[in-house]
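Below is the file work26.cif, which contains mmCIF, C-alpha atoms and all ligand atoms.
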```
data_model
#
loop_
_atom_site.label_atom_id
_atom_site.label_comp_id
_atom_site.auth_asym_id
_atom_site.auth_seq_id
_atom_site.Cartn_x
_atom_site.Cartn_y
_atom_site.Cartn_z
CA MET Y 10 87.41 43.90 191.44
CA THR Y 11 87.65 42.05 194.73
CA ALA Y 12 88.92 43.33 198.05
CA GLY Y 13 92.69 43.07 198.09
CA SER Y 14 93.16 43.26 194.34
CA SER Y 15 95.79 45.61 192.95
CA GLY Y 16 95.80 48.23 190.23
CA GLY Y 17 93.74 51.35 190.61
CA ASP Y 18 92.69 53.97 188.09
CA SER Y 19 95.57 55.40 186.13
CA SER Y 20 97.12 58.53 187.70
CA GLN Y 21 99.19 59.45 184.67
CA PRO Y 22 96.73 61.83 182.89
CA TRP Y 23 96.60 64.06 185.98
CA THR Y 24 99.72 65.90 184.85
CA ASP Y 25 97.51 67.27 182.02
CA LEU Y 26 94.23 67.37 183.91
CA ALA Y 27 95.17 69.00 187.21
CA SER Y 28 94.71 72.64 186.24
CA ASP Y 29 91.53 71.94 184.20
CA TYR Y 30 90.07 70.15 187.20
CA GLU Y 31 90.88 73.04 189.54
CA GLN Y 32 89.31 75.54 187.12
CA ALA Y 33 86.14 73.45 186.90
CA ARG Y 34 86.05 73.02 190.69
CA ALA Y 35 86.41 76.77 191.22
CA ARG Y 36 83.30 77.56 189.16
CA GLU Y 37 80.44 79.04 191.13
CA ASP Y 38 78.14 76.18 190.11
CA SER Y 39 80.55 73.25 190.51
CA LEU Y 40 79.10 70.34 192.44
CA ASP Y 41 82.23 70.40 194.56
CA ARG Y 42 81.40 73.92 195.76
CA LEU Y 43 77.66 73.40 196.00
CA VAL Y 44 77.50 69.94 197.55
CA GLU Y 45 80.72 68.03 198.07
CA TRP Y 46 83.04 70.37 199.95
CA PRO Y 47 80.30 71.63 202.32
CA ALA Y 48 79.37 68.01 203.09
CA GLN Y 49 83.01 67.02 203.50
CA ARG Y 50 83.53 69.94 205.92
CA ASP Y 51 80.45 68.86 207.86
CA LEU Y 52 81.60 65.29 208.24
CA LEU Y 53 85.10 66.40 209.23
CA GLY Y 54 83.70 68.52 212.03
CA ASP Y 55 85.90 70.82 214.12
CA VAL Y 56 89.53 70.52 213.03
CA ALA Y 57 90.95 73.21 215.32
CA GLY Y 58 94.28 72.03 216.72
CA LEU Y 59 94.13 68.80 214.68
CA SER Y 60 96.61 67.63 212.05
CA VAL Y 61 95.23 66.75 208.63
CA LEU Y 62 96.77 64.72 205.81
CA ASP Y 63 94.98 65.35 202.51
CA ALA Y 64 95.91 62.51 200.13
CA GLY Y 65 95.36 63.52 196.50
CA CYS Y 66 94.86 67.09 197.62
CA GLY Y 67 94.65 68.70 194.17
CA ASN Y 68 96.15 72.18 194.42
CA GLY Y 69 95.98 72.04 198.24
CA GLY Y 70 93.21 74.66 198.46
CA LYS Y 71 90.97 72.52 200.67
CA ALA Y 72 93.81 71.71 203.09
CA ALA Y 73 94.75 75.41 203.15
CA GLU Y 74 91.17 76.30 204.07
CA LEU Y 75 91.21 73.76 206.91
CA VAL Y 76 94.36 75.41 208.27
CA VAL Y 77 93.41 79.06 207.75
CA GLU Y 78 89.68 78.92 208.55
CA GLY Y 79 89.43 75.70 210.53
CA GLY Y 80 92.55 76.08 212.70
CA ALA Y 81 94.13 72.75 211.64
CA VAL Y 82 97.83 72.47 212.49
CA ALA Y 83 100.90 70.54 211.25
CA SER Y 84 99.02 69.48 208.13
CA VAL Y 85 100.17 68.03 204.82
CA GLY Y 86 98.72 67.76 201.33
CA VAL Y 87 100.10 65.15 198.91
CA ASP Y 88 99.36 65.08 195.20
CA ILE Y 89 100.99 63.40 192.24
CA SER Y 90 100.53 66.42 189.97
CA GLY Y 91 102.58 68.88 192.03
CA ASN Y 92 100.26 71.63 190.77
CA PHE Y 93 99.96 73.48 194.09
CA ILE Y 94 98.81 76.90 195.28
CA THR Y 95 101.80 79.21 195.34
CA ALA Y 96 101.74 80.35 198.96
CA PRO Y 97 100.48 77.64 201.33
CA PRO Y 98 99.76 78.98 204.82
CA THR Y 99 102.07 78.31 207.77
CA GLY Y 100 101.14 74.91 209.13
CA LEU Y 101 100.62 73.30 205.73
CA ASP Y 102 103.22 71.47 203.63
CA LEU Y 103 102.32 70.49 200.09
CA ILE Y 104 104.35 67.57 198.79
CA GLN Y 105 104.41 65.95 195.36
CA GLY Y 106 103.99 62.22 195.93
CA ASP Y 107 101.92 59.08 195.44
CA LEU Y 108 98.99 58.37 197.76
CA SER Y 109 99.39 54.65 197.08
CA ASP Y 110 101.98 54.44 199.87
CA LEU Y 111 101.74 57.51 202.05
CA ALA Y 112 104.39 56.28 204.50
CA SER Y 113 106.95 56.40 201.64
CA VAL Y 114 106.24 60.03 200.77
CA PRO Y 115 109.32 62.05 201.79
CA GLY Y 116 108.93 63.36 205.32
CA LEU Y 117 105.84 61.29 206.21
CA ALA Y 118 107.43 58.01 207.38
CA ASP Y 119 106.96 58.54 211.12
CA ARG Y 120 104.16 61.08 211.08
CA ARG Y 121 100.70 60.59 212.62
CA PHE Y 122 97.57 62.56 211.69
CA ASP Y 123 94.23 63.16 213.36
CA ARG Y 124 92.39 63.23 210.04
CA ILE Y 125 93.40 61.58 206.76
CA LEU Y 126 91.41 62.56 203.69
CA PHE Y 127 90.95 60.78 200.38
CA LEU Y 128 88.58 63.16 198.61
CA GLN Y 129 87.80 61.83 195.13
CA SER Y 130 91.34 60.46 194.97
CA PHE Y 131 91.17 56.96 196.44
CA GLY Y 132 90.52 55.26 193.09
CA TYR Y 133 94.05 56.16 191.99
CA ALA Y 134 95.75 54.03 194.65
CA LYS Y 135 97.68 51.19 193.02
CA ASP Y 136 96.59 48.78 195.74
CA SER Y 137 93.46 50.04 197.43
CA VAL Y 138 93.63 47.84 200.53
CA GLY Y 139 97.35 48.49 200.96
CA ALA Y 140 96.89 52.26 200.65
CA LEU Y 141 94.18 52.26 203.30
CA ARG Y 142 96.14 49.96 205.62
CA THR Y 143 99.07 52.38 205.45
CA ALA Y 144 96.78 55.35 206.09
CA ARG Y 145 95.24 53.48 209.05
CA SER Y 146 98.72 52.98 210.53
CA MET Y 147 99.32 56.74 210.29
CA LEU Y 148 96.24 57.69 212.30
CA ALA Y 149 96.72 59.29 215.71
CA ASP Y 150 94.62 58.06 218.64
CA ASP Y 151 90.96 58.80 217.99
CA GLY Y 152 91.79 59.68 214.38
CA PHE Y 153 89.62 58.84 211.40
CA ILE Y 154 89.78 58.67 207.62
CA LEU Y 155 87.34 60.64 205.49
CA LEU Y 156 87.01 58.98 202.10
CA THR Y 157 84.73 60.10 199.29
CA ARG Y 158 84.12 58.37 195.98
CA THR Y 159 81.81 58.82 193.02
CA GLN Y 160 78.70 56.63 193.16
CA PRO Y 161 79.68 53.64 190.99
CA ILE Y 162 76.21 53.75 189.46
CA ARG Y 163 77.18 57.00 187.77
CA TYR Y 164 79.82 55.34 185.59
CA ALA Y 165 77.51 52.37 184.94
CA ILE Y 166 74.74 54.69 183.67
CA GLU Y 167 77.14 56.54 181.38
CA ARG Y 168 78.58 53.34 179.95
CA ALA Y 169 75.14 51.77 179.51
CA GLU Y 170 74.06 54.83 177.47
CA LYS Y 171 77.26 54.79 175.44
CA ASN Y 172 77.31 51.04 174.79
CA GLY Y 173 73.56 50.51 174.42
CA SER Y 174 73.73 48.00 177.28
CA SER Y 175 71.99 47.80 180.63
CA LEU Y 176 72.78 49.30 184.00
CA GLY Y 177 73.33 45.88 185.58
CA GLU Y 178 75.67 44.69 182.83
CA GLU Y 179 77.86 47.77 183.26
CA TYR Y 180 77.66 47.92 187.06
CA PHE Y 181 78.90 44.34 187.34
CA SER Y 182 81.43 44.50 184.49
CA THR Y 183 85.08 44.13 185.45
CA GLY Y 184 87.14 45.44 182.51
CA SER Y 185 88.80 48.87 182.74
CA PHE Y 186 87.14 51.64 180.79
CA SER Y 187 88.26 54.99 179.50
CA TYR Y 188 86.53 58.07 180.78
CA GLN Y 189 86.46 61.70 179.69
CA HIS Y 190 85.05 64.01 182.30
CA LYS Y 191 82.65 66.44 180.65
CA GLY Y 192 83.57 69.99 181.54
CA TRP Y 193 87.19 69.41 182.60
CA ASN Y 194 89.29 68.58 179.56
CA GLU Y 195 87.56 66.76 176.73
CA GLU Y 196 90.85 65.38 175.42
CA ALA Y 197 92.46 63.91 178.50
CA LYS Y 198 91.16 60.40 179.14
CA LEU Y 199 91.23 58.67 182.50
CA THR Y 200 91.42 54.90 182.65
CA LYS Y 201 89.11 53.65 185.37
CA ARG Y 202 88.36 50.30 186.94
CA PRO Y 203 84.74 49.55 187.70
CA TYR Y 204 83.77 48.90 191.32
CA THR Y 205 80.57 48.04 193.10
CA MET Y 206 79.30 49.01 196.52
CA SER Y 207 80.27 45.63 197.92
CA ASP Y 208 83.81 46.05 196.51
CA LEU Y 209 84.17 49.31 198.40
CA ILE Y 210 82.81 47.98 201.67
CA ASN Y 211 84.97 44.85 201.45
CA ILE Y 212 88.06 47.00 200.84
CA PHE Y 213 87.37 48.93 204.06
CA SER Y 214 86.99 45.67 206.02
CA ALA Y 215 90.13 44.15 204.51
CA ALA Y 216 92.06 47.29 205.53
CA GLY Y 217 90.91 46.96 209.15
CA LEU Y 218 88.44 49.84 209.09
CA TRP Y 219 84.79 50.14 210.00
CA ILE Y 220 82.28 52.63 208.64
CA GLU Y 221 81.17 54.96 211.40
CA THR Y 222 79.06 57.10 209.06
CA ALA Y 223 78.13 57.02 205.37
CA VAL Y 224 76.61 60.04 203.62
CA GLU Y 225 75.19 60.60 200.12
CA PRO Y 226 75.18 64.41 200.04
CA GLN Y 227 72.52 66.31 198.12
CA MET Y 228 71.90 70.00 197.39
CA ALA Y 229 70.23 72.23 199.92
CA ASP Y 230 66.68 73.30 198.93
CA GLU Y 231 67.55 76.91 198.09
CA LEU Y 232 70.46 75.75 195.89
CA ARG Y 233 68.16 73.37 194.00
CA GLN Y 234 66.09 76.37 192.94
CA GLN Y 235 69.16 78.40 192.08
CA TYR Y 236 71.03 75.69 190.13
CA PRO Y 237 68.40 73.42 188.49
CA HIS Y 238 70.93 72.22 185.89
CA LYS Y 239 73.08 70.85 188.72
CA GLN Y 240 70.07 69.26 190.40
CA ALA Y 241 69.40 67.56 187.06
CA VAL Y 242 72.92 66.08 187.18
CA LEU Y 243 72.33 64.75 190.69
CA ASN Y 244 68.91 63.41 189.71
CA LYS Y 245 70.54 61.40 186.98
CA TYR Y 246 73.89 60.40 188.47
CA LEU Y 247 73.23 60.53 192.25
CA GLY Y 248 76.48 62.28 193.26
CA ILE Y 249 79.19 60.99 195.56
CA LEU Y 250 79.50 58.65 198.54
CA MET Y 251 81.24 59.76 201.71
CA PHE Y 252 82.56 57.51 204.47
CA LYS Y 253 83.96 58.25 207.90
CA LEU Y 254 86.24 55.28 208.60
CA ARG Y 255 87.73 54.28 211.96
CA PRO Y 256 90.30 51.60 212.72
CA LEU Y 257 88.99 48.28 213.99
CA PRO Y 258 90.80 47.26 217.18
CA ASP Y 259 93.99 45.28 216.38
C1 LIG D 301 89.29 64.44 191.31
S1 LIG D 301 90.75 65.19 191.89
C2 LIG D 301 90.34 65.52 193.59
C3 LIG D 301 91.17 66.62 194.18
C4 LIG D 301 90.80 67.04 195.62
N1 LIG D 301 90.97 65.94 196.56
C5 LIG D 301 89.40 67.56 195.71
O1 LIG D 301 88.57 66.98 196.43
O2 LIG D 301 89.12 68.57 195.09
C6 LIG D 301 91.85 63.81 192.04
C7 LIG D 301 93.25 64.20 192.51
O3 LIG D 301 94.00 63.00 192.76
C8 LIG D 301 95.33 63.24 192.31
N2 LIG D 301 95.99 61.95 192.08
C9 LIG D 301 95.73 61.06 191.10
N3 LIG D 301 96.52 59.98 191.26
C10 LIG D 301 97.28 60.20 192.37
C11 LIG D 301 98.30 59.44 193.05
N4 LIG D 301 98.67 58.24 192.61
N5 LIG D 301 98.87 59.98 194.14
C12 LIG D 301 98.52 61.22 194.59
N6 LIG D 301 97.56 61.98 193.99
C13 LIG D 301 96.95 61.47 192.90
C14 LIG D 301 95.16 64.07 191.07
O4 LIG D 301 96.35 64.73 190.70
C15 LIG D 301 94.03 65.00 191.49
O5 LIG D 301 94.54 66.17 192.09
#
```

Could you render the structure from this file as structure tokens?
Ligand SMILES: C[S@@+](CC[C@H](N)C(=O)[O-])C[C@H]1O[C@@H](n2cnc3c(N)ncnc32)[C@H](O)[C@@H]1O
Amino acid sequence: MTAGSSGGDSSQPWTDLASDYEQARAREDSLDRLVEWPAQRDLLGDVAGLSVLDAGCGNGGKAAELVVEGGAVASVGVDISGNFITAPPTGLDLIQGDLSDLASVPGLADRRFDRILFLQSFGYAKDSVGALRTARSMLADDGFILLTRTQPIRYAIERAEKNGSSLGEEYFSTGSFSYQHKGWNEEAKLTKRPYTMSDLINIFSAAGLWIETAVEPQMADELRQQYPHKQAVLNKYLGILMFKLRPLPD
């Protein structure tokens, strides 16, 4: 994939996967609870009085927490599945829609947000550069985008094991592959497009964004002792990448 190319991972299976994903995420030992969400909260910083747009928000639970516990205001979660928590707090709207073109989601055309999140959802944008450019145009002054994505090496390792090939062959391959996430729903398959680190960085540049901070979150020491099976997963697959992205001057 090169920067500017179209066609992301397929969103379609999420109608079946959404509730399985949320169940897996809610488990006491999910990597989202142990590592990802705490690191995402950290990188977001204080959101009191700020508006947040969570693109690909899942059931909206994270956005709800930012409003209820973090004091975020006038916030919105968008997800294609429409599988939302039943009673979102005041100050949070949850809208079924496509993150590929956030400005076309009903009610968002003229809105601006202090924080725009793509947490493990960016790969589903039909045109990655276009989706980020639109998000950039919806940022308020001093706003930033928080984008997290699975380390591409993870998928390359899994495919190398499955295909009896090498890490490099899989990391640099370009054909779409089908992926079943262990522990969510063994039947629903996601179609994914491979990407490399340089693909990701070039997409940010092409969308007019610069990386203020990049983080590769790991488990805190006490959690490593408590959840060695999850540390083993991180030891093998590395985890996720997190980027705080700011607009380059026009
Ligand atoms: C791995 S989950 C991440 C959910 C949440 N952001 C989190 O961090 O827990 C990916 C989410 O992206 C959503 N999604 C997939 N394709 C989408 C699209 N085209 N537009 C909006 N949401 C999409 C899925 O329904 C799912 O809720």

I'd like the neighbourhood of Pro115 of chain Y as JSON, numbers by chain, where a residue qualifies if any of its atoms comes within 12 Å (using only C-alpha atoms), though same-chain residues fewer than 6 positions away should be ignored. {"Y": [85, 87, 102, 103, 104, 105, 106, 107, 108]}

Would you mind telling me which residue in Y:Leu141, Y:Ala96, Y:Ala57, Y:Val242 lies nearest to Asn211 of chain Y when using all atoms listed in the file?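 Counting all atoms listed in the file, the residue closest to Asn211 of chain Y is Y:Leu141.
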
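When all atoms listed in the file are used to compute distances to ligand LIG 301 (chain D), the closest of the residues Y:Gly91, Y:Pro47, Y:Gly173, Y:Pro237 turns out to be Y:Gly91.
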
When you look at Leu250 of chain Y with a cut-off of 7 Å (counting all atoms listed in the file), what residues show up, excluding the ones that are within fewer than 4 positions of it in the same chain? I need them as JSON, numbers by chain. {"Y": [157, 158, 159, 160, 224, 225]}

List all protein, DNA and RNA residues that have any atom at most 8 Å from ligand LIG 301 (chain D), counting only C-alpha atoms and all ligand atoms, and write the list as a PyMOL selection string. chain Y and resi 18-21+23-24+26-27+30-31+34+41+46+63-69+71+87-92+105-109+126-135

Would you please work out which residue, of Y:Lys171, Y:Arg120, Y:His190, Y:Arg145, is nearest to Pro22 of chain Y when using all atoms listed in the file? Y:His190

Go ahead and compute the interatomic distance for atom CA of Ser60 of chain Y and atom CA of Glu37 of chain Y, in Å to one decimal.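 We find that atom CA of Ser60 of chain Y and atom CA of Glu37 of chain Y lie 28.8 Å from each other.
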
Coordinates of box centre and edge lengths for segment 67-77 of chain Y, 5 Å on every side, axis-aligned, as lines of an AutoDock Vina configuration file:
```
center_x = 93.6
center_y = 73.9
center_z = 201.2
size_x = 15.2
size_y = 20.4
size_z = 24.1
```

Have a look at atom CA of Gly79 of chain Y and atom CA of Asp55 of chain Y and let me know their distance in Å, one decimal. 7.0 Å

Surrounding residues of Arg142 of chain Y excluding itself and chain neighbours under 6 positions, 10 Å, all atoms listed in the file, as a ChimeraX atom specification: /Y:110,136,212-213,215-218,256

Name the residues, using the chain letters and numbers of the file, that sit within 10 Å of (85.8, 46.6, 180.8) when counting all atoms listed in the file, and give them as a ChimeraX atom specification. /Y:168,179,181-187,201-203

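Comparing the minimum interatomic distances between Leu209 of chain Y and each of Y:Ala112, Y:Leu254, Y:Leu117, Y:Leu75, counting all atoms listed in the file, we find that Y:Leu254 sits nearest.
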
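Proximity to Val61 of chain Y was assessed for Y:Ile125, Y:Ala48, Y:Ile94, Y:Leu101 counting only C-alpha atoms; the smallest distance is recorded for Y:Ile125.
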
Fix up segment 33-48 of chain Y with N, CA and C atoms, then write it as a compact mmCIF listing (two decimals), in the frame of the given file.
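Listed below is the output, part.txt:
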```txt
# COMPACT_ATOMS: atom_id res chain seq x y z
N ALA Y 33 87.54 73.90 186.87
CA ALA Y 33 86.14 73.45 186.90
C ALA Y 33 85.62 73.48 188.34
N ARG Y 34 86.46 73.06 189.28
CA ARG Y 34 86.05 73.02 190.69
C ARG Y 34 85.78 74.43 191.23
N ALA Y 35 86.53 75.41 190.70
CA ALA Y 35 86.41 76.77 191.22
C ALA Y 35 85.15 77.47 190.71
N ARG Y 36 84.49 76.89 189.70
CA ARG Y 36 83.30 77.56 189.16
C ARG Y 36 82.21 77.67 190.22
N GLU Y 37 81.48 78.76 190.13
CA GLU Y 37 80.44 79.04 191.13
C GLU Y 37 79.43 77.89 191.23
N ASP Y 38 79.17 77.23 190.10
CA ASP Y 38 78.14 76.18 190.11
C ASP Y 38 78.74 74.77 190.08
N SER Y 39 80.01 74.62 190.51
CA SER Y 39 80.55 73.25 190.51
C SER Y 39 79.91 72.45 191.65
N LEU Y 40 79.70 71.17 191.39
CA LEU Y 40 79.10 70.34 192.44
C LEU Y 40 80.02 70.25 193.64
N ASP Y 41 81.32 70.41 193.41
CA ASP Y 41 82.23 70.40 194.56
C ASP Y 41 81.93 71.57 195.49
N ARG Y 42 81.70 72.75 194.91
CA ARG Y 42 81.40 73.92 195.76
C ARG Y 42 80.02 73.85 196.38
N LEU Y 43 79.05 73.35 195.55
CA LEU Y 43 77.66 73.40 196.00
C LEU Y 43 77.33 72.28 197.00
N VAL Y 44 77.93 71.12 196.77
CA VAL Y 44 77.50 69.94 197.55
C VAL Y 44 78.66 69.27 198.29
N GLU Y 45 79.73 68.97 197.53
CA GLU Y 45 80.72 68.03 198.07
C GLU Y 45 81.57 68.64 199.19
N TRP Y 46 82.16 69.78 198.93
CA TRP Y 46 83.04 70.37 199.95
C TRP Y 46 82.26 70.75 201.21
N PRO Y 47 81.06 71.37 201.10
CA PRO Y 47 80.30 71.63 202.32
C PRO Y 47 80.01 70.34 203.11
N ALA Y 48 79.67 69.26 202.39
CA ALA Y 48 79.37 68.01 203.09
C ALA Y 48 80.63 67.40 203.69
```
